[in-house]
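Trainee: Before we start, here is the structure in question, set down as structure tokens.
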Amino acid sequence: MQVLLVTGHYLSSKRQAGFHFLADAYRRHGATAIFLTTGISWLSILRRDYRLTYPVRQEANQLRWVQERLGSYVWFTNWHPANLRLRLLNRWCTGLFSRYGELSLGSAEELVRSSQLIIFESTPSLLLFDRFKRLNPNARYVYRVSDDLRFLRNHAVVLEAEEKACKNFDVVSTPCEYIYRRFQHLPQAALHYHGIRKELFDRDSPNPYLNGRKVNLVFVGGSYFDHDFLDQASDCFPDWAFHIIGPVTGLPRRDNVIAYGEIPFAETIRYIKHADVGLAIRSYSPGAESLTDSLKTIQYTYCKLPVVLPEFLRTAQPNRFHYKPGHADSIRKAIADAVAYDRRRIDTSGIDSWDELAARLAGPLSIS
């Protein structure tokens with residue numbers, strides 16, 4: 001079986017997202033998995049797109065095999081739909097952006113024709129859906145709604161494309177209840193939480209926290225980081241260490257704040273496994289509620305960490321401790337309660353592996 005993953009991610013990126021793990025799961029089960037990276041163009045230069053730090057221009061519009069049965073195709077175009085931040089400019093470009101799905105696919109067209117399972121991520125690639133259906137009407141089509149497009153402030157043409165296409169997918173797979181509620185009127189909508197590479201997390205790994213600190217709190221991520229939380233928390237608990245992994249800038253200069261920058265996913269695992277508390281600290285933006293069950297939050301839970309989150313990400317899970325953004329007493333209490341929590345009470349039985357999620361998305365198509 002050949003699986004085409006239509007995504008905004010670059011296969012060889014240090015930033016490992018759900019689609020990376022799905023591709024790996026399909027490959028390990030004998031399928032051919034191909035990343036079709038979309039939403040990247042000359043316009044990305046103006047937007048300082050992090051993907052341009054990788055050799056995407058050199059690899060543009062050609063199939064590159066990264067491993068056996070694991071391929072990458074960067075569909076680089078002259079332009080792509082993007083929020084240009086100015087209402088008048090967005091409106092002026094609507095006609096142009098709406099034709100994104102008509103641009104030449106080059107040799108990627110054959111990848112569409114030859115795939116049995118095609119999984120779309122929540123990106124501008126949704127404008128390609130009708131065209132893919134014409135090229136290959138017999139494939140199984142899955143919409144994996146990794147993110148809320150409104151929260152990511154996508155251009156209106158992308159939102160319209162989602163509204164039009166979602167009812168025609170075989171499955172609409174959502175990773176959290178907040179996003180699921182937007183699609184629950186569709187009979188094919190399903191709630192599928194993110195999976196986890198259990199075999200990687202279950203391996204023995206050395207403890208990186210040989211710093212003599214009594215408590216180690218870790219954040220892994222990058223977007224919508226709550227800087228105020230870290231400033232207040234690190235000041236309130238000067239003897240505890242706050243480890244920040246990811247492309248986060250503007251951190252407070254304190255001895256107990258340790259910044260690692262962006263490191264490969266496999267290297268982050270030991271920092272999570274040996275931490276005392278996981279931080280899912282986010283600043284608010286409309287739609288941020290979709291981050292309640294982020295991949296990192298599930299990884300923290302699998303490692304039996306209490307998790308500290310802002311109040312707008314409140315859920316009923318007992319290992320989650322919520323704070324009111326901007327309120328020092330609330331931040332202090334959430335951290336103290338998390339550190340005091342009995343981690344032996346954390347239940348991980350409901351967390352799926354990526355292999356299990358890959359099988360759910362494949363449906364009747366066998367991946368074993």
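For the structure tokens, the naming scheme is as follows: chains receive sequential letters (A, B, ...) according to their order of presentation, residues are indexed from 1 within each chain, and ligands are indexed from 1 in presentation order.
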Write out as a list in words which residues come within 7 Å of Tyr323 of chain A when counting only C-alpha atoms, dropping same-chain ones fewer than 6 positions away.
Mentor: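 My reading of the contact set: Leu309, Pro310, Glu311, Ser330, Ile331 and Ala334 of chain A.
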Trainee: Name the residues in contact with segment 87-97 of chain A at a cut-off of 8 Å, using only C-alpha atoms, excluding same-chain residues fewer than 5 positions from it; report them as JSON, numbers by chain.
Mentor: {"A": [80, 81, 155, 156, 157]}
Trainee: I'd like to know which of A:Ala190, A:Leu217, A:Ile179, A:Ala139 is closest to Val3 of chain A, using only C-alpha atoms.
Mentor: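 Of all the options, A:Ala139 lies closest to Val3 of chain A.
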Trainee: Assign secondary structure with DSSP using the backbone only, and return the residues of segment 186-235 of chain A in strand (DSSP E) as a ChimeraX atom specification.
Mentor: /A:189-191,216-220
Trainee: Quick one: write out the picked residues with C-alpha atoms as a compact mmCIF listing (two decimals), in the first residue's frame?
Mentor:
# COMPACT_ATOMS: atom_id res chain seq x y z
CA ALA A 189 -16.31 12.50 12.11
CA ALA A 190 -14.30 10.73 14.80
CA LEU A 191 -12.34 11.68 17.91
CA ASN A 216 12.92 19.93 37.21
CA LEU A 217 10.06 21.30 35.11
CA VAL A 218 10.18 20.91 31.33
CA PHE A 219 8.50 22.65 28.40
CA VAL A 220 8.79 21.21 24.89
Trainee: Write out as a PyMOL selection string each polymer residue whose atoms come within 9 Å of Ala82 of chain A, counting only C-alpha atoms; drop sequence neighbours fewer than 3 positions from it.
Mentor: chain A and resi 39+43-44+79+85+90+97+124+153-155+158
Trainee: Please identify the helix (DSSP H, G or I) residues within segment 154-274 of chain A (assignment by DSSP from backbone atoms) and present them as a compact mmCIF listing (two decimals) with C-alpha atoms, in the first residue's frame.
Mentor:
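Contents of selection25.txt, freshly written:
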# COMPACT_ATOMS: atom_id res chain seq x y z
CA ALA A 156 -10.46 32.86 4.10
CA VAL A 157 -10.04 30.74 0.96
CA VAL A 158 -8.53 27.96 3.10
CA LEU A 159 -11.43 28.10 5.55
CA GLU A 160 -13.88 27.91 2.65
CA ALA A 161 -11.99 24.96 1.17
CA GLU A 162 -12.25 23.10 4.48
CA GLU A 163 -15.98 23.78 4.73
CA LYS A 164 -16.51 22.48 1.21
CA ALA A 165 -14.25 19.43 1.40
CA CYS A 166 -14.84 18.08 4.90
CA LYS A 167 -18.15 16.41 4.09
CA ASN A 168 -16.57 14.47 1.21
CA GLU A 177 -12.99 17.37 21.82
CA TYR A 178 -12.86 21.09 21.04
CA ILE A 179 -12.15 20.43 17.34
CA TYR A 180 -14.43 17.39 17.26
CA ARG A 181 -17.41 19.54 18.23
CA ARG A 182 -16.94 21.55 15.01
CA PHE A 183 -17.36 18.42 12.89
CA LYS A 198 5.64 3.97 23.02
CA GLU A 199 8.67 1.90 22.08
CA LEU A 200 10.86 5.02 22.19
CA PHE A 201 9.49 6.26 25.50
CA HIS A 227 6.45 34.21 28.75
CA ASP A 228 4.78 35.84 31.75
CA PHE A 229 4.23 32.43 33.38
CA LEU A 230 7.91 31.55 33.12
CA ASP A 231 9.00 34.94 34.41
CA GLN A 232 6.80 34.67 37.49
CA ALA A 233 7.33 30.95 38.11
CA SER A 234 11.12 31.04 37.85
CA ASP A 235 11.19 34.02 40.22
CA CYS A 236 8.83 32.34 42.67
CA PHE A 265 12.66 14.79 18.85
CA ALA A 266 14.47 11.65 20.02
CA GLU A 267 16.71 13.74 22.24
CA THR A 268 13.75 15.40 23.95
CA ILE A 269 12.42 12.11 25.30
CA ARG A 270 14.88 11.78 28.19
CA TYR A 271 14.12 15.35 29.27
CA ILE A 272 10.43 14.46 29.48
CA LYS A 273 10.90 11.05 31.12
Trainee: Mind giving me the straight-line distance from atom CA of Val171 of chain A to atom CA of Gln188 of chain A in Å, one decimal?
Mentor: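 About the pair atom CA of Val171 of chain A and atom CA of Gln188 of chain A: they are 5.0 Å apart.
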Trainee: Give me, as JSON, numbers by chain, all polymer residues having an atom no more than 10 Å from Phe19 of chain A, counting only C-alpha atoms and skipping those fewer than 2 positions away in the same chain.
Mentor: {"A": [5, 6, 7, 8, 9, 10, 11, 16, 17, 21, 22, 23, 24, 25, 35, 119, 120, 121, 144, 146, 354, 358]}
Trainee: Could you please take those selected residues and save N, CA and C atoms as a PDB file, in the first residue's frame?
Mentor:
ATOM      1  N   LEU A   5       0.824  11.497   2.496  1.00  0.00           N
ATOM      2  CA  LEU A   5       0.495  12.392   3.602  1.00  0.00           C
ATOM      3  C   LEU A   5       0.675  13.825   3.138  1.00  0.00           C
ATOM      4  N   VAL A   6      -0.435  14.522   2.960  1.00  0.00           N
ATOM      5  CA  VAL A   6      -0.435  15.875   2.412  1.00  0.00           C
ATOM      6  C   VAL A   6      -0.405  16.841   3.594  1.00  0.00           C
ATOM      7  N   THR A   7       0.732  17.482   3.787  1.00  0.00           N
ATOM      8  CA  THR A   7       0.992  18.160   5.050  1.00  0.00           C
ATOM      9  C   THR A   7       1.738  19.471   4.834  1.00  0.00           C
ATOM     10  N   GLY A   8       1.827  20.278   5.864  1.00  0.00           N
ATOM     11  CA  GLY A   8       2.647  21.470   5.813  1.00  0.00           C
ATOM     12  C   GLY A   8       4.040  21.226   6.356  1.00  0.00           C
ATOM     13  N   HIS A   9       4.274  20.043   6.911  1.00  0.00           N
ATOM     14  CA  HIS A   9       5.552  19.743   7.520  1.00  0.00           C
ATOM     15  C   HIS A   9       6.562  19.237   6.487  1.00  0.00           C
ATOM     16  N   TYR A  10       7.825  19.441   6.812  1.00  0.00           N
ATOM     17  CA  TYR A  10       8.928  18.931   5.997  1.00  0.00           C
ATOM     18  C   TYR A  10       9.436  17.658   6.650  1.00  0.00           C
ATOM     19  N   LEU A  11       9.607  16.610   5.877  1.00  0.00           N
ATOM     20  CA  LEU A  11       9.887  15.296   6.434  1.00  0.00           C
ATOM     21  C   LEU A  11      11.145  15.274   7.294  1.00  0.00           C
ATOM     22  N   GLN A  16       9.215  17.305  14.998  1.00  0.00           N
ATOM     23  CA  GLN A  16       8.482  16.082  14.693  1.00  0.00           C
ATOM     24  C   GLN A  16       7.023  16.245  15.102  1.00  0.00           C
ATOM     25  N   ALA A  17       6.141  16.226  14.134  1.00  0.00           N
ATOM     26  CA  ALA A  17       4.706  16.372  14.380  1.00  0.00           C
ATOM     27  C   ALA A  17       4.009  15.032  14.166  1.00  0.00           C
ATOM     28  N   PHE A  21       5.090  10.807  12.696  1.00  0.00           N
ATOM     29  CA  PHE A  21       4.931   9.537  13.381  1.00  0.00           C
ATOM     30  C   PHE A  21       3.984   8.608  12.627  1.00  0.00           C
ATOM     31  N   LEU A  22       2.966   9.178  11.979  1.00  0.00           N
ATOM     32  CA  LEU A  22       2.085   8.363  11.147  1.00  0.00           C
ATOM     33  C   LEU A  22       2.855   7.763   9.974  1.00  0.00           C
ATOM     34  N   ALA A  23       3.676   8.582   9.318  1.00  0.00           N
ATOM     35  CA  ALA A  23       4.473   8.085   8.196  1.00  0.00           C
ATOM     36  C   ALA A  23       5.366   6.945   8.641  1.00  0.00           C
ATOM     37  N   ASP A  24       6.005   7.116   9.794  1.00  0.00           N
ATOM     38  CA  ASP A  24       6.885   6.068  10.306  1.00  0.00           C
ATOM     39  C   ASP A  24       6.106   4.794  10.619  1.00  0.00           C
ATOM     40  N   ALA A  25       4.896   4.955  11.181  1.00  0.00           N
ATOM     41  CA  ALA A  25       4.087   3.773  11.507  1.00  0.00           C
ATOM     42  C   ALA A  25       3.713   3.003  10.252  1.00  0.00           C
ATOM     43  N   PHE A  35       5.692  11.909   2.153  1.00  0.00           N
ATOM     44  CA  PHE A  35       5.324  13.243   2.603  1.00  0.00           C
ATOM     45  C   PHE A  35       5.197  14.155   1.389  1.00  0.00           C
ATOM     46  N   ILE A 119      -3.983  11.126   3.122  1.00  0.00           N
ATOM     47  CA  ILE A 119      -4.333  11.795   4.377  1.00  0.00           C
ATOM     48  C   ILE A 119      -3.974  13.272   4.273  1.00  0.00           C
ATOM     49  N   PHE A 120      -4.970  14.121   4.371  1.00  0.00           N
ATOM     50  CA  PHE A 120      -4.777  15.569   4.335  1.00  0.00           C
ATOM     51  C   PHE A 120      -4.658  16.118   5.752  1.00  0.00           C
ATOM     52  N   GLU A 121      -3.733  17.032   5.941  1.00  0.00           N
ATOM     53  CA  GLU A 121      -3.654  17.771   7.186  1.00  0.00           C
ATOM     54  C   GLU A 121      -4.410  19.088   7.024  1.00  0.00           C
ATOM     55  N   ARG A 144      -7.168  14.608   8.607  1.00  0.00           N
ATOM     56  CA  ARG A 144      -6.671  14.617   9.982  1.00  0.00           C
ATOM     57  C   ARG A 144      -6.541  16.081  10.394  1.00  0.00           C
ATOM     58  N   SER A 146      -5.287  18.297  12.397  1.00  0.00           N
ATOM     59  CA  SER A 146      -4.265  18.484  13.425  1.00  0.00           C
ATOM     60  C   SER A 146      -4.447  19.797  14.171  1.00  0.00           C
ATOM     61  N   TRP A 354       1.073   5.264  17.857  1.00  0.00           N
ATOM     62  CA  TRP A 354       0.848   5.766  16.501  1.00  0.00           C
ATOM     63  C   TRP A 354       0.442   4.631  15.563  1.00  0.00           C
ATOM     64  N   ALA A 358      -2.681   4.852  13.189  1.00  0.00           N
ATOM     65  CA  ALA A 358      -2.505   4.624  11.749  1.00  0.00           C
ATOM     66  C   ALA A 358      -3.489   3.585  11.244  1.00  0.00           C
TER      67      ALA A 358
END
